[in-house]
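Beneath this line is the structure, given in structure tokens, with notes to follow.
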Amino acid sequence: MKTAYYKITLFLFLIAAIFVARLVYLQLLTDRYALNAANTSIKIDYVIPQRGIIFDRNGKILVGNQPSYEISFTQSQMTPDFDTLGFCNLLKISKKDFIKKIESIKKEKYYSKLTPMTFKSDMSREEIARIQEIIFKYPAFNIVERPQRKYEVSTSGNLLGYTNQVNENYIKKDSLYYLPGDIAGITGIERAYEKQLRGEKGMRYIQKDIKLRNVGPYKNGELDKEVVSGKDLTLTIDYDLQRIAEEMLVNKHGAIVALDPNNGEILALATGPDIDPNLFTGPNKKRNIYRLANDTIYDNKPTYDRSVQAAYPPGSPFKLLTALAGYQMKVISDSTKFTCRHGYRMGRHTIGCHCGTYWPIGMEKAIEKSCNNYFSSVFYKITEKYGPKGRNRAIDEWKEIMNSFGLGEFMNNDLAVGAKGKIPSGEFYTKRLGEKWHPYESAIFNGMGQGDVLLTPLQMANFTAAIVNRGWYFTPHIVKSIDGKPNPDERFKKKHVTKVEPRYFDVVLKGMKDVFIGGTARGLASKEFTQLGKTGTAQVPGGRDNSIFVMAAPADKPKIVVVAVIEHAGFGATWAGPASTIIAEKYLLGDIKRTYLYDRMIKSSFMGEYKRMYINHLTKKGWYTVPKPDPIQLKKLEDSLRLLNEKKAAQNPKKLKDTTKNNKT
């Protein structure tokens with residue numbers, strides 16, 4: 001008993017000793033309490049670093065900096081004799097606005113009397129020049145220089161992102177660095193590489209006299225911290241490709257993605273509608289961001305990056321993976337052939353097909369002609385590999401193969417946002433259809449990229465890269481170097497190997513080459529370079545089919561993979577195909593040779609289709625009201641019709657008659 005008593009006493013003694021030692025250290029051996037903000041004789045001035053510059057892969061400046069200023073407010077520095085009217089006159093604001101602003105600052109979650117809070121932001125150099133010689137009379141207010149982003153381009157707002165004042169989440173994640181009013185990356189690359197771009201704030205401890213006037217640095221500046229500028233980023237993006245892709249997506253919803261299959265570097269990541277990043281700067285910044293975030297008319301959603309966030313039915317390009325899974329699961333071989341009779345028969349139902357082949361065909365011809373019957377038959381064999389009772393096992397085996405291509409999972413890359421898409425499992429069908437589910441009930445459609453499979457355009461580009469590499473890929477990424485040194489992230493140096501053996505890719509690649517020779521994309525063949533590809537026309541509810549295309553070039557050793565998805569545009573070879581091959585042509589040849597394809601793309605618009613779908617959607621919900629005619633426009637139309645009738649009557653007096661009334665009707 002005594003031994004236990006002595007142990008407890010000794011333990012308590014040690015705790016007390018540690019506590020006392022800590023107090024001595026904090027109060028006598030450090031400056032922590034001397035620098036505590038409660039001691040108003042010492043003030044911390046923060047020096048905001050220049051944010052890192054963003055370049056494209058060829059050294060073109062995409063995002064730089066420009067001077068911007070704000071006025072900060074610290075409640076603890078307010079003096080009893082503060083001249084409110086004088087300060088309001090200096091800033092050219094009313095006393096009412098001044099009081100309202102101070103009250104709103106005090107209501108902020110992280111408000112503190114000791115912490116500088118933003119009073120007025122986005123002030124010009126001219127405004128600061130006018131007040132900087134006088135503001136010393138108001139010690140609670142201070143001029144803070146915060147570099148503002150300057151965009152040197154007018155496209156790619158989603159890719160580049162924007163900066164804004166930190167929110168609660170930012171402060172929680174790094175409360176040792178961020179203070180209310182600080183600027184940080186909110187979206188895009190600005191967000192994904194915030195720590196590299198932001199730099200480190202400088203700190204200067206200034207000693208004050210009894211009237212709060214500066215008397216010099218505290219301890220001769222021994223505790224000051226030098227400002228460290230942010231690191232420059234060089235992207236993998238080729239802005240010439242990016243700009244052309246964005247131009248071809250004007251008046252369209254969709255995405256164009258290009259990457260180098262040899263290293264996973266993303267060459268273009270375009271989404272439509274696009275955003276001019278210059279809307280993210282200046283005095284109207286907040287209003288512009290709010291407007292963009294709430295623009296849902298015709299399903300525009302410009303802040304929704306369709307290249308990495310939108311998950312689409314991949315359509316016929318997915319047939320390439322169905323083929324590879326069929327080979328790997330040993331349910332088909334090079335000798336496997338199926339006969340297409342206008343489609344795939346499922347009891348009383350048929351999956352239609354327009355391949356035009358009515359004799360037994362093998363894999364190469366099935367890819368070339370995009371035969372729905374062939375790949376539905378292959379997928380049925382996949383589901384039945386272990387018999388009716390083993391369908392869950394077969395689907396799970398298929399799913400593992402798809403996962404190995406980076407599908408149905410988050411890609412773990414350096415982009416700020418992304419979706420994992422959808423690759424269904426056996427359990428998925430059991431929950432939906434019951435224990436004795438049959439592939440005809442829905443799973444069979446997966447074989448041709450419809451059904452329950454959903455992929456992002458970036459995932460489509462990635463699986464295409466894995467196919468042309470015969471079974472391996474590097475994780476797609478957006479930053480090539482940081483401060484001139486190669487991106488050190490180990491994630492992008494690891495070669496991922498799929499679960500499909502390399503020997504099975506040859507027949508698929510041959511079929512992809514034939515697509516441009518005598519298949520569905522023969523009209524897009526180039527005399528300058530060879531191509532591998534697959535067209536896609538994915539059915540979607542409520543509108544025309546999505547136009548999809550995946551390709552790689554040159555065929556013998558691909559240097560670029562391109563994927564295009566254009567929503568509700570129709571055939572893959574008609575719209576997504578030209579967009580893809582133009583990007584490849586520009587990258588490989590340095591110029592666009594087939595300008596007729598490019599001109600056709602930039603002049604086309606599908607806004608009429610989007611408007612029709614939008615109105616139909618609202619009508620079904622009971623939210624649509626037919627707009628009343630504009631009386632001014634109606635009057636102009638009536639006048640035009642009257643003048644037209646008068647002109648016709650003057651040209652042919654025998655047929656003179658008043659048709660104005662009928663025209664009005």
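Identifiers in this document derive from the order of the structure tokens: chains are assigned A, B, ..., residues are numbered from 1 separately in each chain, and ligands are numbered from 1 in order of occurrence.
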Spatial neighbours of A:Thr574, max dist 10 Å, only C-alpha atoms, sep filter under 6 positions, as a list in words: Thr520, Ala521, Gly523, Leu524, Thr535, Thr537, Ser547, Ile548, Phe549 and Met601 of chain A
Filtered DSSP result for stretch 140-362 of chain A, state alpha helix (DSSP H), as a ChimeraX atom specification: /A:157-160,168-173,188-192,194-198,239-248,285-293,319-328
DSSP strand (DSSP E) residues within stretch 331-436 of chain A, listed as a list in words: Phe338, Thr339, Gly343, Tyr344, Arg345, Met346, His349, Thr350, Ile351, Gly352, Pro360 and Ile361 of chain A
Would you put the residues from that selection into a file with C-alpha atoms, as a JSON list (two decimals), in the first residue's frame?
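To be explicit, this is the file written out as part-v3.json:
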```json
[["chain", "number", "residue", "atom", "x", "y", "z"],
["A", 338, "PHE", "CA", -20.70, -13.07, -84.07],
["A", 339, "THR", "CA", -23.29, -12.40, -86.75],
["A", 343, "GLY", "CA", -28.88, -5.67, -83.62],
["A", 344, "TYR", "CA", -28.64, -7.86, -80.53],
["A", 345, "ARG", "CA", -31.71, -9.94, -79.69],
["A", 346, "MET", "CA", -32.86, -10.08, -76.06],
["A", 349, "HIS", "CA", -36.38, -6.88, -77.44],
["A", 350, "THR", "CA", -33.51, -5.81, -79.68],
["A", 351, "ILE", "CA", -30.53, -3.51, -79.18],
["A", 352, "GLY", "CA", -30.39, -1.84, -82.58],
["A", 360, "PRO", "CA", -19.87, -13.45, -88.95],
["A", 361, "ILE", "CA", -17.28, -10.82, -87.97]]
```
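Of the listed residues A:Ile632, A:Val153, A:Leu454, A:Ile237, the one whose atoms come nearest to A:Asn278 is A:Val153, with distances taken using only C-alpha atoms.
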Who sits within 12 Å of A:Phe55, only C-alpha atoms, same chain under 2 positions skipped, as a PyMOL selection string: chain A and resi 52-53+57-64+151-153+160+189+231-239+478-484
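From atom CA of A:Leu179 back to atom CA of A:Lys109, the distance works out to 11.6 Å.
Nearest to A:Asp452 of all the residues A:Lys422, A:Lys557, A:His477, A:Lys92 is A:Lys422, counting only C-alpha atoms.
Counting from atom CA of A:Asp260, the distance to atom CA of A:Lys559 is 5.7 Å.
Taking only C-alpha atoms into account, A:Gly543 lies nearest to A:Tyr610 out of the set A:Tyr610, A:Tyr162, A:Trp472, A:Phe141.
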Find the residues near stretch 459-466 of chain A: any atom within 8 Å, counting only C-alpha atoms, skip ones fewer than 3 places away on the same chain, and give them as a compact mmCIF listing (two decimals) with all heavy atoms, in the first residue's frame.
```txt
# COMPACT_ATOMS: atom_id res chain seq x y z
N VAL A 257 -10.24 16.98 -73.79
CA VAL A 257 -9.07 16.66 -72.97
C VAL A 257 -7.99 16.09 -73.86
O VAL A 257 -8.26 15.23 -74.70
CB VAL A 257 -9.43 15.65 -71.86
CG1 VAL A 257 -8.19 15.28 -71.05
CG2 VAL A 257 -10.52 16.20 -70.95
N ALA A 258 -6.77 16.57 -73.68
CA ALA A 258 -5.63 16.01 -74.41
C ALA A 258 -4.51 15.74 -73.40
O ALA A 258 -4.28 16.54 -72.49
CB ALA A 258 -5.14 16.99 -75.48
N LEU A 259 -3.82 14.61 -73.57
CA LEU A 259 -2.70 14.30 -72.69
C LEU A 259 -1.63 13.53 -73.44
O LEU A 259 -1.88 12.94 -74.50
CB LEU A 259 -3.14 13.57 -71.42
CG LEU A 259 -3.91 12.25 -71.51
CD1 LEU A 259 -2.96 11.08 -71.74
CD2 LEU A 259 -4.70 12.00 -70.25
N ASP A 260 -0.43 13.56 -72.88
CA ASP A 260 0.69 12.81 -73.43
C ASP A 260 0.67 11.42 -72.80
O ASP A 260 0.88 11.29 -71.59
CB ASP A 260 2.00 13.53 -73.11
CG ASP A 260 3.21 12.87 -73.77
OD1 ASP A 260 3.14 11.68 -74.10
OD2 ASP A 260 4.24 13.56 -73.94
N PRO A 261 0.42 10.37 -73.59
CA PRO A 261 0.31 9.02 -73.00
C PRO A 261 1.63 8.49 -72.45
O PRO A 261 1.63 7.52 -71.70
CB PRO A 261 -0.18 8.17 -74.17
CG PRO A 261 0.31 8.89 -75.39
CD PRO A 261 0.25 10.35 -75.04
N PRO A 314 -20.09 6.54 -71.61
CA PRO A 314 -19.00 6.70 -72.57
C PRO A 314 -19.34 6.25 -73.98
O PRO A 314 -18.61 6.55 -74.93
CB PRO A 314 -17.89 5.82 -71.98
CG PRO A 314 -18.61 4.80 -71.19
CD PRO A 314 -19.83 5.48 -70.63
N PHE A 405 -7.83 0.40 -64.90
CA PHE A 405 -7.65 1.45 -65.91
C PHE A 405 -7.94 2.84 -65.32
O PHE A 405 -7.98 3.83 -66.05
CB PHE A 405 -8.58 1.21 -67.11
CG PHE A 405 -8.09 0.14 -68.05
CD1 PHE A 405 -8.38 -1.20 -67.80
CD2 PHE A 405 -7.36 0.47 -69.18
CE1 PHE A 405 -7.94 -2.19 -68.67
CE2 PHE A 405 -6.92 -0.52 -70.05
CZ PHE A 405 -7.21 -1.85 -69.79
N GLY A 406 -8.16 2.91 -64.01
CA GLY A 406 -8.44 4.18 -63.35
C GLY A 406 -9.89 4.59 -63.43
O GLY A 406 -10.21 5.78 -63.26
N LEU A 407 -10.80 3.65 -63.66
CA LEU A 407 -12.22 3.96 -63.82
C LEU A 407 -12.99 3.57 -62.56
O LEU A 407 -12.65 2.60 -61.89
CB LEU A 407 -12.79 3.19 -65.02
CG LEU A 407 -11.99 3.29 -66.32
CD1 LEU A 407 -12.67 2.50 -67.42
CD2 LEU A 407 -11.77 4.73 -66.73
N LEU A 455 -18.32 7.75 -66.99
CA LEU A 455 -16.91 8.15 -66.95
C LEU A 455 -16.77 9.64 -67.21
O LEU A 455 -17.56 10.23 -67.96
CB LEU A 455 -16.10 7.39 -68.02
CG LEU A 455 -16.15 5.86 -68.02
CD1 LEU A 455 -15.29 5.32 -69.15
CD2 LEU A 455 -15.69 5.30 -66.69
N THR A 456 -15.75 10.24 -66.62
CA THR A 456 -15.43 11.63 -66.94
C THR A 456 -14.58 11.67 -68.20
O THR A 456 -13.91 10.69 -68.55
CB THR A 456 -14.65 12.30 -65.79
OG1 THR A 456 -13.35 11.71 -65.70
CG2 THR A 456 -15.38 12.16 -64.47
N ASN A 469 -0.70 2.33 -74.83
CA ASN A 469 0.54 1.89 -74.17
C ASN A 469 0.57 0.39 -73.92
O ASN A 469 1.50 -0.12 -73.30
CB ASN A 469 0.71 2.62 -72.83
CG ASN A 469 1.08 4.08 -73.00
OD1 ASN A 469 1.65 4.47 -74.02
ND2 ASN A 469 0.76 4.89 -72.01
N ARG A 470 -0.46 -0.29 -74.37
CA ARG A 470 -0.58 -1.74 -74.18
C ARG A 470 -0.59 -2.15 -72.70
O ARG A 470 0.06 -3.09 -72.30
CB ARG A 470 0.52 -2.48 -74.93
CG ARG A 470 0.36 -2.45 -76.44
CD ARG A 470 1.52 -3.11 -77.15
NE ARG A 470 1.22 -3.34 -78.55
CZ ARG A 470 1.31 -2.40 -79.51
NH1 ARG A 470 1.69 -1.16 -79.18
NH2 ARG A 470 1.03 -2.68 -80.76
N GLY A 471 -1.32 -1.35 -71.91
CA GLY A 471 -1.59 -1.82 -70.56
C GLY A 471 -0.97 -1.05 -69.41
O GLY A 471 -1.00 -1.54 -68.28
N TRP A 472 -0.43 0.13 -69.64
CA TRP A 472 0.09 0.91 -68.52
C TRP A 472 -0.16 2.40 -68.75
O TRP A 472 -0.40 2.84 -69.87
CB TRP A 472 1.59 0.66 -68.31
CG TRP A 472 2.46 1.04 -69.50
CD1 TRP A 472 2.87 0.21 -70.49
CD2 TRP A 472 2.99 2.33 -69.80
NE1 TRP A 472 3.63 0.90 -71.40
CE2 TRP A 472 3.74 2.20 -71.00
CE3 TRP A 472 2.94 3.59 -69.19
CZ2 TRP A 472 4.40 3.29 -71.60
CZ3 TRP A 472 3.59 4.66 -69.77
CH2 TRP A 472 4.32 4.52 -70.95
N TYR A 473 -0.12 3.15 -67.66
CA TYR A 473 -0.31 4.61 -67.76
C TYR A 473 0.29 5.29 -66.53
O TYR A 473 0.52 4.66 -65.49
CB TYR A 473 -1.80 4.95 -67.86
CG TYR A 473 -2.61 4.62 -66.61
CD1 TYR A 473 -2.78 5.56 -65.60
CD2 TYR A 473 -3.20 3.36 -66.45
CE1 TYR A 473 -3.51 5.25 -64.45
CE2 TYR A 473 -3.92 3.05 -65.31
CZ TYR A 473 -4.08 4.01 -64.32
OH TYR A 473 -4.79 3.71 -63.19
N THR A 475 -0.46 8.54 -63.88
CA THR A 475 -1.59 9.34 -63.44
C THR A 475 -1.57 10.71 -64.12
O THR A 475 -0.56 11.42 -64.06
CB THR A 475 -1.55 9.54 -61.91
OG1 THR A 475 -1.62 8.27 -61.28
CG2 THR A 475 -2.72 10.40 -61.45
N PRO A 476 -2.65 11.10 -64.79
CA PRO A 476 -2.70 12.42 -65.43
C PRO A 476 -2.49 13.53 -64.40
O PRO A 476 -3.06 13.49 -63.31
CB PRO A 476 -4.10 12.47 -66.03
CG PRO A 476 -4.49 11.05 -66.20
CD PRO A 476 -3.87 10.31 -65.06
N THR A 498 -2.28 -2.23 -65.86
CA THR A 498 -3.64 -2.74 -65.82
C THR A 498 -3.63 -4.27 -65.65
O THR A 498 -2.59 -4.91 -65.75
CB THR A 498 -4.40 -2.38 -67.11
OG1 THR A 498 -3.88 -3.16 -68.20
CG2 THR A 498 -4.26 -0.91 -67.42
N VAL A 550 -12.69 9.29 -79.04
CA VAL A 550 -11.38 9.10 -78.41
C VAL A 550 -10.39 8.75 -79.51
O VAL A 550 -10.72 8.04 -80.47
CB VAL A 550 -11.40 7.98 -77.34
CG1 VAL A 550 -12.47 8.26 -76.29
CG2 VAL A 550 -11.59 6.61 -77.95
N MET A 551 -9.17 9.29 -79.40
CA MET A 551 -8.18 9.03 -80.44
C MET A 551 -6.76 9.20 -79.91
O MET A 551 -6.55 9.77 -78.82
CB MET A 551 -8.37 9.98 -81.62
CG MET A 551 -8.14 11.44 -81.29
SD MET A 551 -7.72 12.41 -82.75
CE MET A 551 -6.13 11.71 -83.19
N ALA A 552 -5.79 8.69 -80.66
CA ALA A 552 -4.39 8.86 -80.36
C ALA A 552 -3.62 8.98 -81.68
O ALA A 552 -4.05 8.43 -82.70
CB ALA A 552 -3.85 7.68 -79.54
N VAL A 561 -3.02 11.87 -76.88
CA VAL A 561 -4.36 11.28 -76.80
C VAL A 561 -5.35 12.42 -76.65
O VAL A 561 -5.11 13.35 -75.87
CB VAL A 561 -4.46 10.32 -75.59
CG1 VAL A 561 -5.92 10.02 -75.26
CG2 VAL A 561 -3.71 9.03 -75.86
N VAL A 562 -6.44 12.37 -77.40
CA VAL A 562 -7.46 13.42 -77.33
C VAL A 562 -8.83 12.79 -77.16
O VAL A 562 -9.14 11.79 -77.83
CB VAL A 562 -7.47 14.32 -78.58
CG1 VAL A 562 -8.37 15.54 -78.35
CG2 VAL A 562 -6.07 14.77 -78.95
N VAL A 563 -9.63 13.37 -76.29
CA VAL A 563 -11.02 12.94 -76.09
C VAL A 563 -11.90 14.17 -76.15
O VAL A 563 -11.58 15.21 -75.56
CB VAL A 563 -11.19 12.23 -74.73
CG1 VAL A 563 -12.68 12.06 -74.40
CG2 VAL A 563 -10.50 10.88 -74.73
```
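Near A:Glu145, within a cut-off of 10 Å and counting only C-alpha atoms, sit the residues Tyr46, Val47, Ile48, Pro49, Gln50, Pro67, Ser68, Tyr69, Glu70, Ile71, Ser121, Asp122, Met123, Arg125, Ile128, Asn142, Ile143, Pro147 and Gln148 of chain A, with same-chain residues fewer than 2 positions away left out.
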d(atom CA of A:Met203, atom CA of A:Lys107) in Å: 26.7 Å
Contact residues around A:Val565 with only C-alpha atoms at 10 Å, ignoring same-chain residues under 3 positions, as a count of residues only: 32
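Minimum atom-to-atom distances from A:Arg544, A:Lys586, A:Lys319, A:Lys593 to A:Ala245 were compared using only C-alpha atoms, and the lowest value belongs to A:Lys586.
With only C-alpha atoms as the atoms that count, the minimum distance from A:Asp414 to the choices A:Lys431, A:Phe505, A:Thr163, A:Tyr193 is reached by A:Tyr193.
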